[in-house]
Amino acid sequence: PKDMEARAVTVRQVITFARQTPNARVCLAPEGYDNNDGRLIVPPPGAGRFLLQLCHAGMTILPAGVCAEDGIYHVRFGSTFSLDTQDLAPDVRDERASRRVMSAIAELLPQRLRGSFVS
């Protein structure tokens, strides 16, 4: 319960920051933690809602794929986009927003790291 409360406080602080700070930038990993084998995993419930709230506060998504190969870190950036799923039920909005962001990240990674977001 303390962990959930701390996460909720952090989410509110980030959204307030996004709304009150011109040209604000936030870097986050939607899935919340790394998978042991480096493949992308499905974000937890609520991650999509959080991303949608950031977009509604005026931010855009800049997907970045980060991986290490042969001891060298590689970073690839995609094109920015915004999220809009207003006409859907809340749980569907959450899932679609998460999937859209994770799919954009997956496109920037080697096939073996894309997890369930294989195209």
# chains A, B, ... in the order shown; residues from 1 in each chain; ligands from 1
$ residues_around --residues "Asn35 (chain A)" --least-positions-apart "5" --cutoff "12 Å" --atoms "only C-alpha atoms" --output "list in words"
Ala29, Leu40, Ile41, Val42, Pro43, Leu113, Arg114 and Gly115 of chain A
$ residues_around --residues "region 20-26 of chain A" --least-positions-apart "4" --cutoff "10 Å" --atoms "only C-alpha atoms" --output "PyMOL selection string"
chain A and resi 14-16+54+57-62
$ atom_distance --atom1 "CA of Phe117 (chain A)" --atom2 "CA of Glu31 (chain A)"
12.6 Å
$ select_by_dssp --residues "chain A" --states "helix (DSSP H, G or I)" --output "ChimeraX atom specification"
/A:2-20,47-56,90-106,111-113,115-117
$ closest_atom_pairs --of "region 11-45 of chain A" --to "region 67-73 of chain A" --cutoff "12 Å" --atoms "only C-alpha atoms" --output "JSON lines"
{"residue": "A:Asp34", "atom": "CA", "partner": "A:Cys67", "partner_atom": "CA", "distance": 11.3}
{"residue": "A:Asp37", "atom": "CA", "partner": "A:Cys67", "partner_atom": "CA", "distance": 11.4}
{"residue": "A:Gly38", "atom": "CA", "partner": "A:Cys67", "partner_atom": "CA", "distance": 8.0}
{"residue": "A:Arg39", "atom": "CA", "partner": "A:Cys67", "partner_atom": "CA", "distance": 9.6}
{"residue": "A:Leu40", "atom": "CA", "partner": "A:Cys67", "partner_atom": "CA", "distance": 10.7}
$ closest_residue --among "A:Cys55, A:Ala18, A:Val66, A:Ala106" --to "Ser82 (chain A)" --atoms "only C-alpha atoms"
A:Cys55
$ atom_distance --atom1 "CA of His56 (chain A)" --atom2 "CA of Thr85 (chain A)"
10.9 Å
